[in-house]
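Remarks on the structure that follows.
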Amino acid sequence: MSLMKKALALVGVAALASTTLLSVNAASAATTFATPVAPIKGAVKGGTVTILAQGDFEHLDPARNYVGGTLDFYRLFTRTLTQYRTVNGKTDLVPDVAADLGTTKDGGKTWTFKLRTNLKYEDGKKITCADMKYGVMRSYNDDILDGGPTYAKDFIDNPTSYKGPYTEPGKDLPTVICNSKGDAITFKLAIPVPYFPYVTTFGAFSPIPKAKDTKQNYELRPLSSGPYKIESYSRGKELSLVRNDQWDPKTDPVRWNYPDEYHVIMGADQNVIEQSLISDSGNAKTSVSFDTNIITNLSKVLNVAKYKDRLFNFDSAYNRYYAINVDTVKDINVRKAIQCAVDFKSILLAAGGTSAGSYANSTIPKSIKAAYRNFNVCGRDVSKKPEAQLDQAKAFLAKATNPKTTLRLAYRDRGVEPLRAAALEQSLKAAGFTVIMDKYPSSDFYAPAAKRGVPNEPDIIQTSWAFDWAAASGIVYALFDARTMSPEDAKSNQSRGDFADLQKLFAKADTSATAAQEKILGDIEQSLIVDKAAHVSVYFETSHYMAGSKVGGLQVDGGYSTLSVLGAYVKK
Amino acid sequence: MSKKISSVVGAPIEGRSPARMAWERIKTDRTAKISAFTIGIFVTLALTAPIFTWILHTSPDQFHPETLDPTFGTNPLGKFGGISSEHWFGVEPRTGRDVFLRFAYGARTSLSIALSATALATVIGVLVGLISGFYGGKIDLVLSRTMEIILAFPSILFALAVTPVFENVLEGWGVPTGNTTRIPVMIIVLSMFGWPYIARIVRGQVISIREKEFVEAARSIGATRTHLVFKEILPNLWAPILVTVALNIPTMITAEAALTFLGAGVIDPTSDWGAMLLASVPFYSVDPTYTFIPGFGLFLLVLAFNLLGDSVRDALDPRSSR
Amino acid sequence: MLKYTLRRIVSGTLVLGIVSAIVFAIFYILPSDPARLACGKSCTPELVARIQVALELDQSLPIQYGRFIKGIFVGRTYLENTDAARECGAPCLGYSYQTDLPVTQLLVDRLPATLSIAIGASILWLLIGLSSGIVSALRRGTWIDRTSQGFALAAASLQIYFVGLILQFIFVDKLAWLPMPGYTSPFDYPLDWAKQMVLPWVTLAFLLSAIYSRLTRSGMIETMGEDFVRTARAKGLSSRDINLKHVLRAAMTPIVTVFGLDLGSLLGGAVITEYVFNIPGLGKLSTEAVTNLDLPVVTGTVLFAAFFIITANIIVDLLYSALDPKVRLT
Amino acid sequence: MTSINNPILSVQGLTKHFPGGREGLIGKRDVVQAVDGVNFEVAAGEALGLVGESGCGKSTTGRLITRLLEPTAGTVTFEGQDISHFSNTQMRPIRTQLQMIFQDPYASLNPRHTVGTIVSTPFKINKVTPEGGVKKRVQEILEIVGLNPEHYNRYPHEFSGGQRQRIGIARALALRPKLIVADEPVSALDVSIQAQIINLMKDLQKDFGLTFVFIAHDLAVVRHFAQRVAVMYLGNIVEIADRDTLYATPKHPYTKALLSAVPEADPDAIGARERIRLTGDVPNPINPPSGCRFRTRCWKAAEICATQPPALLQIGKTQVACHFPE
């Protein structure tokens, strides 16, 4: 589940959703992407690019990495089976360690990828198929290697209940197969996954030689297979990347290698990073931030000509929404009253106004055309009339046969989230509800808020979602499929909806081809929001990243929806 | 500096108690009058805050999205943080809450916490100082060491760290958390680090007074310990206690604001000056008015208390340097 | 003198020991589970149990405390005699729950920034405070005295978090004379370091010099009225000599006390200053640790700060005798 | 040693040791031998002067008698009752009989209390309600000691030293005690005032039949007030005699030395005396000299003085503790 993940972009997502998904099905045709990436116009070699980060990377171990900015950055020294390539604002899925985008003969249940055979690690040793397989296997030990996406474990068939190489050393995972020549790897999945080549962009599908695996300490010094290697890493303070002379640009369709060095400085505050990038003096000229949106000083820089070239504004895939707990708020009229009471305007203002996000009726973004529906919430177009509809809310509440007027609102104590919750509290109160504000610590929110049947179970959960791949399948399955829940744990299905008619639709979607599946998933979301009133999407966040005036080659990456530093160079 | 006792001049007129003389001295002190007046204004503002809710037709917690720039929620519409006839001190970025009302209610919170903490610290400090100084010996040793240990704690840091712990303990007892627990916890934490200062002063005074002949005189009449402590010694401590209290209040106000500023204090939406300053940090450059108002209010109040404290000390101990 | 020094050190160590026991008791008898805190986001009961063993939180509190104290003096080995044994050299304060780094290393990493603030600011405030206090005392009652003392009283009523933000708004945002405050190593970029430190120094000095000015003034005025000064004057010593040699020296005693305590508590982490100016020192480390309930780091910073305060106290007491011959050490 | 019949106060072997500082970190505590085996008796209605240099233990003796201090050894018998180890509660009824006047009129009156409060405190503490009420009685007493009863509501700081001492005397008189210990009651006063206060006390002694223990460091003051005089040196009584005997024929070298320092009011009475100058300081009571304590400053000191402490023996009308009395 990608609740922690920062963002996936909408730019380039249109291409992914409409064309690439189709091209994945005809994957063999995509081998042309395997050619090296073209140089960036005007880019020069040399210098140091500084990256200003608020905190340390959560994890640099490929198997544990699940955060937008880091997912971009770690590609400088980690190659995966497939990967996103962004050139001139267009993002494509390309084979990275693989030599093709994978082939399937049984509708997505068995996938075979050809491998490049001429790749080396920083120590000069060859990257082998066995290393790729070991990388996948160690991701099964997610008790020790926590934090990463669990797709490999979730999708790959596991007939022997394999638990990972640390727990069961010497045991094999028979469903990941290297061919005898070692130039192809095959995955046998438990269910058909037509979008599997997107899944293999994640770090679990990167090569790690068993001999170099230092378990939970691997992230302190991951072995490089990319153009840079780690020279020094002081946790919480700084990290330096220098050139990896064993990397061959001719084998790489994704990465460039302009600066001599990348230097990450950690631990500065939001405001400090904002201010120093805006002031653009000294070191800041060659600096960039990939985890810090310009938020508080946005009004000073947005639409100001001076900053136009260094300010990158783009919609993120990050949707902020409220899950209405149908376990505890049983009456649909109460849920509809809640939906009407949501004041989109004051919630978005608390987050920074329309420059910080755009109103959204649904958690599926408009750009996913196959699944997006332009429906109304509480009888109005939220982008035109974002204010709370208090009269309607009161009317619905009056209609309720099982009225529940005291609501427990769960939210996370981080950033502007308490203010957004306060904004909701106000309009809920105005609609006649009593609200109990239930603040959770920042580090411990999602799991406790998902507990079912516990005392003080929340009625409304203020949360968010960013899809891992740009398709409704990356959203609706995770958020609305009752099959992911247990009686104790709602997981990412925070609204806890379990509706028979929707389950029928899910069953139908499971066996449908991609385009049809997307349409059904769109229907499910619409029904869940409009008919069942179990969910209120409020807005999609807008990213505003800034770079120093001397940094060139930056572009918005469609794969991870962040400002990519892969092509960065220092202007002369 | 004059070491003369000022009141010897002339024949005794009326039976004037030392307290009365001090009061008369304060009454002629212009600084003291201005400070007291300033404090009076803040106290009145705190007490009458609800009246302004009624005048302004809004509450300190009410969001006013219409007062904010729809594009940049961080910017109030209009100049100086959105100061207008409806919002006298402007509005809060992101929410549009009325800053004047938050300021008035904030005065309530800040003052009531600081005054309660001062009161608690004074009661504990005076009692401990009396006991420690009067009994001496082992009791004094234990109490003095306790003070020494508490004073060795990095107080702000420790207060910061201990607040969530206390709260956690309360939570463990099933007490719902929030301001209902946070505020008492703050009062306890603040007074926990405040009393040793008072106790030390009181103890020193008690030790010097304990040896005075009038205490012996009382003993020779057969006075009980209670009589000695409360009737003979304590009346002589009012001056130092009063001065300590007067100078402790601004310290407590500052400490309360600092704790809240660092995030271990009053929780939003309850208004508090420290919380307002904390909330203003991200906006200090786009909306400096929002930083200035609680900061300047805090400054004025603390200054007034400091000046009044100085005047009280001068009045009670005319020998001290001016 | 030696005996006294030894005795102060012994009693200081004792106080530190009691402080450590209290701190340890408070932070480890917490009802919330330390292992759960160390576990992070995707936590399972098995993982909690494993961390509990790894951090030796499954032991009884006295044993934990004993090992903690042992770690400080001689170092300790976590999970001794197992495969996962982990050596933590003296002085060992355990590992951060958040970053898994040794707390000692975190403290050492953050110390330079705090030192920079404390030393720079203290030089500045001593200079300002003493000189304005001396001038006030010598020109007692004049407009200079009244202005500087009025100013001192006003400054003493100001808050770092208010003045700091306002100064930052003026000098960084509006005039752009200074960069955003922060910390760069003075050895790598001395100029950047100084420029970034200017605001914290000035803010702290601005507020604290007020106290020193008032102390210097009243101390000097008091000593100027004392017999030995009158005698010195009668002996025909120039008033400049008297003021500097005798009066200032005698007036120094309370200043040394306050300075020692201020510097001691500042070295333990200028919590608010570092918070306002985003300086990665000990104070920032501790506020971060408190927010994350990273108990080993909280414990470490509190103890470290207490250590500075107690040491400062001892040094102040010893300096007393050097400055004021009237003080007998018993 | 002659005994007084029915003494109101009898002091036998009275000893008081105070704990002193410590040697090093964990050394033995020093002991200050403030009073060391003092014996004397006081008859009802008489005034006994207790004289000695400061630090000789006379004030401590006074506080032991009034039980402000508890003796380390020895007994204090007041009206036949051994009160030396009485608890506070046991002392309460005795206190009404046994009062004290203090040395410093500035320190002995609580500056926060009015004169009325100060003088009425004895009534309140001992729960005594005199006829006509406390206030009336207090005003009477004020009048007796020569103060204006209208001063009832005034504070001590509004009075002069002599007036204050009158307040102190009024307080001591309040409960009509039998014995008053006056601890250097006039030493803090101007010489002109001293005589007034002494005369006041003399009148009171006569009018109320009071017994006085009058402590002073000045033999001249005592001469005008006491009928009998005891001389103390370093925690011991060295000589006791009735006033005229002592002043005319001092037996102890120390008494002689003290007397020689007193300016003679009537030089012809006894004949010109040579002035004896004592050399050296009073020895440290933590470590007093062995044998006779005065020997270190005595011009008559011999070997025996260092080994044997002299006993207080009756010689003529005088009791004296000296190996070589005059």
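Going by the structure tokens order, chains are called A, B, ..., each with residues numbered from 1, while ligands are numbered from 1 in the order shown.
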Contact table chain B vs chain A, cut-off 9 Å, shortest pair per residue, only C-alpha atoms, as JSON lines:
```
{"residue": "B:Asp61", "atom": "CA", "partner": "A:Gln426", "partner_atom": "CA", "distance": 8.4}
{"residue": "B:Gln62", "atom": "CA", "partner": "A:Gln426", "partner_atom": "CA", "distance": 7.2}
{"residue": "B:Phe63", "atom": "CA", "partner": "A:Ala423", "partner_atom": "CA", "distance": 7.0}
{"residue": "B:His64", "atom": "CA", "partner": "A:Ser346", "partner_atom": "CA", "distance": 8.0}
{"residue": "B:Pro65", "atom": "CA", "partner": "A:Ser346", "partner_atom": "CA", "distance": 5.5}
{"residue": "B:Glu66", "atom": "CA", "partner": "A:Ser346", "partner_atom": "CA", "distance": 8.9}
{"residue": "B:Leu68", "atom": "CA", "partner": "A:Leu349", "partner_atom": "CA", "distance": 7.7}
{"residue": "B:Asp69", "atom": "CA", "partner": "A:Gly353", "partner_atom": "CA", "distance": 7.4}
{"residue": "B:Pro70", "atom": "CA", "partner": "A:Gly353", "partner_atom": "CA", "distance": 5.3}
{"residue": "B:Thr71", "atom": "CA", "partner": "A:Thr354", "partner_atom": "CA", "distance": 4.5}
{"residue": "B:Phe72", "atom": "CA", "partner": "A:Gly353", "partner_atom": "CA", "distance": 4.7}
{"residue": "B:Gly73", "atom": "CA", "partner": "A:Gly352", "partner_atom": "CA", "distance": 4.1}
{"residue": "B:Thr74", "atom": "CA", "partner": "A:Gly352", "partner_atom": "CA", "distance": 5.6}
{"residue": "B:Asn75", "atom": "CA", "partner": "A:Ser299", "partner_atom": "CA", "distance": 7.8}
{"residue": "B:Pro93", "atom": "CA", "partner": "A:Ala350", "partner_atom": "CA", "distance": 8.0}
{"residue": "B:Arg94", "atom": "CA", "partner": "A:Ala350", "partner_atom": "CA", "distance": 4.2}
{"residue": "B:Thr95", "atom": "CA", "partner": "A:Ala350", "partner_atom": "CA", "distance": 5.7}
{"residue": "B:Asp268", "atom": "CA", "partner": "A:Pro418", "partner_atom": "CA", "distance": 8.5}
{"residue": "B:Pro269", "atom": "CA", "partner": "A:Ala422", "partner_atom": "CA", "distance": 7.9}
{"residue": "B:Pro282", "atom": "CA", "partner": "A:Thr296", "partner_atom": "CA", "distance": 6.2}
{"residue": "B:Phe283", "atom": "CA", "partner": "A:Thr296", "partner_atom": "CA", "distance": 6.3}
{"residue": "B:Ser285", "atom": "CA", "partner": "A:Asn297", "partner_atom": "CA", "distance": 7.8}
{"residue": "B:Val286", "atom": "CA", "partner": "A:Asn297", "partner_atom": "CA", "distance": 6.8}
```
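The protein and nucleic acid residues lying at most 9 Å from stretch 139-147 of chain C are Ser132, Gly133, Ile134, Ala152, Arg217 and Ile221 of chain C, with only C-alpha atoms considered and sequence neighbours fewer than 5 positions away removed.
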Resulting file, chosen residues, N, CA, C and O atoms, as a tab-separated table (two decimals), in the first residue's frame:
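The resulting file, part.tsv, is shown below:
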```tsv
chain	number	residue	atom	x	y	z
C	132	SER	N	28.16	48.41	28.92
C	132	SER	CA	27.06	49.34	29.18
C	132	SER	C	26.81	49.44	30.68
C	132	SER	O	26.47	50.53	31.18
C	133	GLY	N	27.02	48.35	31.41
C	133	GLY	CA	26.83	48.38	32.85
C	133	GLY	C	27.85	49.29	33.52
C	133	GLY	O	27.53	50.08	34.42
C	134	ILE	N	29.11	49.18	33.05
C	134	ILE	CA	30.17	50.01	33.64
C	134	ILE	C	29.90	51.49	33.37
C	134	ILE	O	29.94	52.31	34.28
C	152	ALA	N	17.84	48.12	28.87
C	152	ALA	CA	18.14	46.80	29.42
C	152	ALA	C	16.88	46.15	29.97
C	152	ALA	O	16.63	44.96	29.74
C	217	ARG	N	26.00	47.08	36.75
C	217	ARG	CA	25.73	48.40	37.28
C	217	ARG	C	25.48	48.34	38.77
C	217	ARG	O	26.12	49.02	39.56
C	221	ILE	N	27.88	49.83	41.73
C	221	ILE	CA	27.41	50.92	42.59
C	221	ILE	C	27.49	50.49	44.05
C	221	ILE	O	27.91	51.25	44.92
```
Write out as a list in words each polymer residue whose atoms come within 7 Å of A:His263, counting only C-alpha atoms; drop sequence neighbours fewer than 2 positions from it.
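The filter keeps Thr48, Val49, Thr50, Ile51, Leu239, Ser240, Leu241, Glu261 and Ile265 of chain A.
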Within 9 Å of B:Leu303, counting only C-alpha atoms, which residues show up once you throw out same-chain ones fewer than 3 positions away? Write them as a PDB file with all heavy atoms, in the first residue's frame, please.
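This is the output file result-v4.pdb:
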```pdb
ATOM      1  N   SER B  35       2.656  50.528  34.920  1.00  0.00           N
ATOM      2  CA  SER B  35       2.725  49.074  34.740  1.00  0.00           C
ATOM      3  C   SER B  35       1.442  48.418  35.211  1.00  0.00           C
ATOM      4  O   SER B  35       0.889  47.543  34.532  1.00  0.00           O
ATOM      5  CB  SER B  35       3.882  48.474  35.533  1.00  0.00           C
ATOM      6  OG  SER B  35       4.971  49.308  35.535  1.00  0.00           O
ATOM      7  N   PRO B 250       6.243  37.181  35.417  1.00  0.00           N
ATOM      8  CA  PRO B 250       6.718  37.304  34.029  1.00  0.00           C
ATOM      9  C   PRO B 250       7.547  36.110  33.576  1.00  0.00           C
ATOM     10  O   PRO B 250       7.449  35.703  32.419  1.00  0.00           O
ATOM     11  CB  PRO B 250       7.558  38.590  34.045  1.00  0.00           C
ATOM     12  CG  PRO B 250       7.826  38.887  35.473  1.00  0.00           C
ATOM     13  CD  PRO B 250       6.693  38.315  36.247  1.00  0.00           C
ATOM     14  N   LEU B 298       3.047  39.905  24.359  1.00  0.00           N
ATOM     15  CA  LEU B 298       3.833  39.186  25.359  1.00  0.00           C
ATOM     16  C   LEU B 298       4.896  40.108  25.947  1.00  0.00           C
ATOM     17  O   LEU B 298       5.100  40.152  27.158  1.00  0.00           O
ATOM     18  CB  LEU B 298       4.480  37.983  24.679  1.00  0.00           C
ATOM     19  CG  LEU B 298       5.033  36.875  25.549  1.00  0.00           C
ATOM     20  CD1 LEU B 298       3.947  36.331  26.442  1.00  0.00           C
ATOM     21  CD2 LEU B 298       5.579  35.762  24.677  1.00  0.00           C
ATOM     22  N   PHE B 299       5.554  40.848  25.065  1.00  0.00           N
ATOM     23  CA  PHE B 299       6.600  41.762  25.497  1.00  0.00           C
ATOM     24  C   PHE B 299       6.048  42.806  26.473  1.00  0.00           C
ATOM     25  O   PHE B 299       6.589  43.019  27.560  1.00  0.00           O
ATOM     26  CB  PHE B 299       7.232  42.439  24.277  1.00  0.00           C
ATOM     27  CG  PHE B 299       8.028  43.677  24.594  1.00  0.00           C
ATOM     28  CD1 PHE B 299       9.180  43.600  25.343  1.00  0.00           C
ATOM     29  CD2 PHE B 299       7.612  44.906  24.143  1.00  0.00           C
ATOM     30  CE1 PHE B 299       9.915  44.738  25.638  1.00  0.00           C
ATOM     31  CE2 PHE B 299       8.334  46.057  24.431  1.00  0.00           C
ATOM     32  CZ  PHE B 299       9.491  45.964  25.193  1.00  0.00           C
ATOM     33  N   LEU B 300       4.929  43.420  26.080  1.00  0.00           N
ATOM     34  CA  LEU B 300       4.338  44.470  26.920  1.00  0.00           C
ATOM     35  C   LEU B 300       3.966  43.935  28.294  1.00  0.00           C
ATOM     36  O   LEU B 300       4.256  44.543  29.321  1.00  0.00           O
ATOM     37  CB  LEU B 300       3.083  45.031  26.247  1.00  0.00           C
ATOM     38  CG  LEU B 300       3.252  46.253  25.365  1.00  0.00           C
ATOM     39  CD1 LEU B 300       1.883  46.778  24.971  1.00  0.00           C
ATOM     40  CD2 LEU B 300       4.041  47.344  26.082  1.00  0.00           C
ATOM     41  N   ASN B 306       7.595  43.018  34.976  1.00  0.00           N
ATOM     42  CA  ASN B 306       8.971  43.237  35.430  1.00  0.00           C
ATOM     43  C   ASN B 306       9.110  44.588  36.124  1.00  0.00           C
ATOM     44  O   ASN B 306       9.719  44.692  37.189  1.00  0.00           O
ATOM     45  CB  ASN B 306       9.945  43.169  34.256  1.00  0.00           C
ATOM     46  CG  ASN B 306      10.392  41.739  33.984  1.00  0.00           C
ATOM     47  OD1 ASN B 306      10.379  40.908  34.880  1.00  0.00           O
ATOM     48  ND2 ASN B 306      10.775  41.466  32.750  1.00  0.00           N
ATOM     49  N   LEU B 307       8.543  45.613  35.496  1.00  0.00           N
ATOM     50  CA  LEU B 307       8.633  46.951  36.081  1.00  0.00           C
ATOM     51  C   LEU B 307       7.902  47.004  37.414  1.00  0.00           C
ATOM     52  O   LEU B 307       8.400  47.554  38.396  1.00  0.00           O
ATOM     53  CB  LEU B 307       8.035  47.984  35.114  1.00  0.00           C
ATOM     54  CG  LEU B 307       8.881  48.326  33.894  1.00  0.00           C
ATOM     55  CD1 LEU B 307       8.074  49.169  32.915  1.00  0.00           C
ATOM     56  CD2 LEU B 307      10.134  49.078  34.304  1.00  0.00           C
ATOM     57  N   LEU B 308       6.722  46.401  37.447  1.00  0.00           N
ATOM     58  CA  LEU B 308       5.953  46.411  38.687  1.00  0.00           C
ATOM     59  C   LEU B 308       6.706  45.641  39.766  1.00  0.00           C
ATOM     60  O   LEU B 308       6.765  46.065  40.925  1.00  0.00           O
ATOM     61  CB  LEU B 308       4.573  45.790  38.453  1.00  0.00           C
ATOM     62  CG  LEU B 308       3.622  45.921  39.636  1.00  0.00           C
ATOM     63  CD1 LEU B 308       3.260  47.361  39.879  1.00  0.00           C
ATOM     64  CD2 LEU B 308       2.368  45.095  39.420  1.00  0.00           C
TER      65      LEU B 308
ATOM     66  N   LEU C 153      16.074  46.914  30.668  1.00  0.00           N
ATOM     67  CA  LEU C 153      14.861  46.346  31.244  1.00  0.00           C
ATOM     68  C   LEU C 153      13.906  45.905  30.140  1.00  0.00           C
ATOM     69  O   LEU C 153      13.310  44.823  30.201  1.00  0.00           O
ATOM     70  CB  LEU C 153      14.179  47.378  32.149  1.00  0.00           C
ATOM     71  CG  LEU C 153      13.077  46.793  33.007  1.00  0.00           C
ATOM     72  CD1 LEU C 153      13.678  45.881  34.059  1.00  0.00           C
ATOM     73  CD2 LEU C 153      12.266  47.881  33.668  1.00  0.00           C
ATOM     74  N   ALA C 154      13.794  46.727  29.103  1.00  0.00           N
ATOM     75  CA  ALA C 154      12.918  46.365  27.987  1.00  0.00           C
ATOM     76  C   ALA C 154      13.444  45.109  27.315  1.00  0.00           C
ATOM     77  O   ALA C 154      12.692  44.172  27.041  1.00  0.00           O
ATOM     78  CB  ALA C 154      12.837  47.517  27.002  1.00  0.00           C
ATOM     79  N   ALA C 155      14.759  45.062  27.069  1.00  0.00           N
ATOM     80  CA  ALA C 155      15.334  43.913  26.374  1.00  0.00           C
ATOM     81  C   ALA C 155      15.151  42.643  27.187  1.00  0.00           C
ATOM     82  O   ALA C 155      14.902  41.571  26.637  1.00  0.00           O
ATOM     83  CB  ALA C 155      16.808  44.160  26.098  1.00  0.00           C
ATOM     84  N   ALA C 156      15.252  42.776  28.520  1.00  0.00           N
ATOM     85  CA  ALA C 156      15.102  41.589  29.358  1.00  0.00           C
ATOM     86  C   ALA C 156      13.677  41.056  29.318  1.00  0.00           C
ATOM     87  O   ALA C 156      13.420  39.928  29.713  1.00  0.00           O
ATOM     88  CB  ALA C 156      15.503  41.914  30.792  1.00  0.00           C
ATOM     89  N   SER C 157      12.738  41.864  28.853  1.00  0.00           N
ATOM     90  CA  SER C 157      11.353  41.414  28.781  1.00  0.00           C
ATOM     91  C   SER C 157      10.995  40.848  27.412  1.00  0.00           C
ATOM     92  O   SER C 157       9.854  40.465  27.179  1.00  0.00           O
ATOM     93  CB  SER C 157      10.411  42.579  29.103  1.00  0.00           C
ATOM     94  OG  SER C 157      10.774  43.171  30.315  1.00  0.00           O
ATOM     95  N   LEU C 158      11.962  40.815  26.512  1.00  0.00           N
ATOM     96  CA  LEU C 158      11.677  40.307  25.165  1.00  0.00           C
ATOM     97  C   LEU C 158      11.915  38.811  25.082  1.00  0.00           C
ATOM     98  O   LEU C 158      12.626  38.231  25.890  1.00  0.00           O
ATOM     99  CB  LEU C 158      12.566  41.028  24.148  1.00  0.00           C
ATOM    100  CG  LEU C 158      12.111  42.440  23.781  1.00  0.00           C
ATOM    101  CD1 LEU C 158      13.204  43.166  23.029  1.00  0.00           C
ATOM    102  CD2 LEU C 158      10.853  42.368  22.920  1.00  0.00           C
TER     103      LEU C 158
END
```
Mind checking which residues fall within 9 Å of B:Tyr197, counting only C-alpha atoms, ignoring those fewer than 6 positions away in the same chain, and posting them as number ranges by chain?
B: 121, 125, 147, 151, 244
Pull N, CA and C atoms from the residues just selected and write them as a PDB file, in the first residue's frame.
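Output file part-v9.pdb follows:
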```pdb
ATOM      1  N   ALA B 121       3.698  27.232  42.606  1.00  0.00           N
ATOM      2  CA  ALA B 121       5.131  27.248  42.903  1.00  0.00           C
ATOM      3  C   ALA B 121       5.392  28.019  44.183  1.00  0.00           C
ATOM      4  N   GLY B 125       6.997  26.437  47.292  1.00  0.00           N
ATOM      5  CA  GLY B 125       8.290  27.037  47.609  1.00  0.00           C
ATOM      6  C   GLY B 125       8.311  27.608  49.020  1.00  0.00           C
ATOM      7  N   MET B 147      16.255  20.531  45.996  1.00  0.00           N
ATOM      8  CA  MET B 147      16.242  21.763  45.200  1.00  0.00           C
ATOM      9  C   MET B 147      17.434  21.785  44.262  1.00  0.00           C
ATOM     10  N   LEU B 151      17.298  22.067  40.274  1.00  0.00           N
ATOM     11  CA  LEU B 151      17.928  23.181  39.573  1.00  0.00           C
ATOM     12  C   LEU B 151      18.995  22.698  38.590  1.00  0.00           C
ATOM     13  N   THR B 244       9.397  38.061  45.081  1.00  0.00           N
ATOM     14  CA  THR B 244       9.641  36.866  44.281  1.00  0.00           C
ATOM     15  C   THR B 244       8.440  36.562  43.386  1.00  0.00           C
TER      16      THR B 244
END
```
Would you please give, as a count of residues only, all residues of stretch 139-303 of chain D that DSSP assigns to helix (DSSP H, G or I) based on the backbone?
73
Contacts from chain C to chain D, 12 Å maximum, only C-alpha atoms: show me the residue list as a VMD selection string.
chain C and resid 1 to 8 10 to 11 330
Write a file of the selected residues as a PDB file, in the first residue's frame, keeping N, CA and C atoms.
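What follows is the written file part10.pdb:
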```pdb
ATOM      1  N   MET C   1      41.715  24.055  49.235  1.00  0.00           N
ATOM      2  CA  MET C   1      41.184  24.314  47.890  1.00  0.00           C
ATOM      3  C   MET C   1      41.005  23.016  47.104  1.00  0.00           C
ATOM      4  N   LEU C   2      42.036  22.180  47.163  1.00  0.00           N
ATOM      5  CA  LEU C   2      41.977  20.912  46.437  1.00  0.00           C
ATOM      6  C   LEU C   2      40.880  20.033  47.028  1.00  0.00           C
ATOM      7  N   LYS C   3      40.855  20.039  48.374  1.00  0.00           N
ATOM      8  CA  LYS C   3      39.862  19.230  49.063  1.00  0.00           C
ATOM      9  C   LYS C   3      38.461  19.686  48.645  1.00  0.00           C
ATOM     10  N   TYR C   4      38.294  21.005  48.618  1.00  0.00           N
ATOM     11  CA  TYR C   4      36.995  21.568  48.260  1.00  0.00           C
ATOM     12  C   TYR C   4      36.622  21.192  46.829  1.00  0.00           C
ATOM     13  N   THR C   5      37.612  21.334  45.927  1.00  0.00           N
ATOM     14  CA  THR C   5      37.362  20.981  44.533  1.00  0.00           C
ATOM     15  C   THR C   5      36.904  19.535  44.435  1.00  0.00           C
ATOM     16  N   LEU C   6      37.643  18.675  45.112  1.00  0.00           N
ATOM     17  CA  LEU C   6      37.302  17.250  45.069  1.00  0.00           C
ATOM     18  C   LEU C   6      35.886  17.035  45.599  1.00  0.00           C
ATOM     19  N   ARG C   7      35.591  17.706  46.703  1.00  0.00           N
ATOM     20  CA  ARG C   7      34.295  17.493  47.300  1.00  0.00           C
ATOM     21  C   ARG C   7      33.180  17.964  46.379  1.00  0.00           C
ATOM     22  N   ARG C   8      33.392  19.094  45.704  1.00  0.00           N
ATOM     23  CA  ARG C   8      32.378  19.593  44.777  1.00  0.00           C
ATOM     24  C   ARG C   8      32.195  18.625  43.623  1.00  0.00           C
ATOM     25  N   VAL C  10      32.768  15.390  43.682  1.00  0.00           N
ATOM     26  CA  VAL C  10      32.057  14.211  44.186  1.00  0.00           C
ATOM     27  C   VAL C  10      30.565  14.510  44.295  1.00  0.00           C
ATOM     28  N   SER C  11      30.223  15.652  44.903  1.00  0.00           N
ATOM     29  CA  SER C  11      28.797  15.934  45.083  1.00  0.00           C
ATOM     30  C   SER C  11      28.136  16.203  43.743  1.00  0.00           C
ATOM     31  N   THR C 330      34.247  26.183  52.469  1.00  0.00           N
ATOM     32  CA  THR C 330      34.126  25.171  53.514  1.00  0.00           C
ATOM     33  C   THR C 330      33.140  24.125  53.069  1.00  0.00           C
TER      34      THR C 330
END
```
Mind checking DSSP for stretch 35-192 of chain C and telling me the strand (DSSP E or B) residues as JSON, numbers by chain?
{"C": [76, 77, 78, 86, 87, 88, 95, 102]}
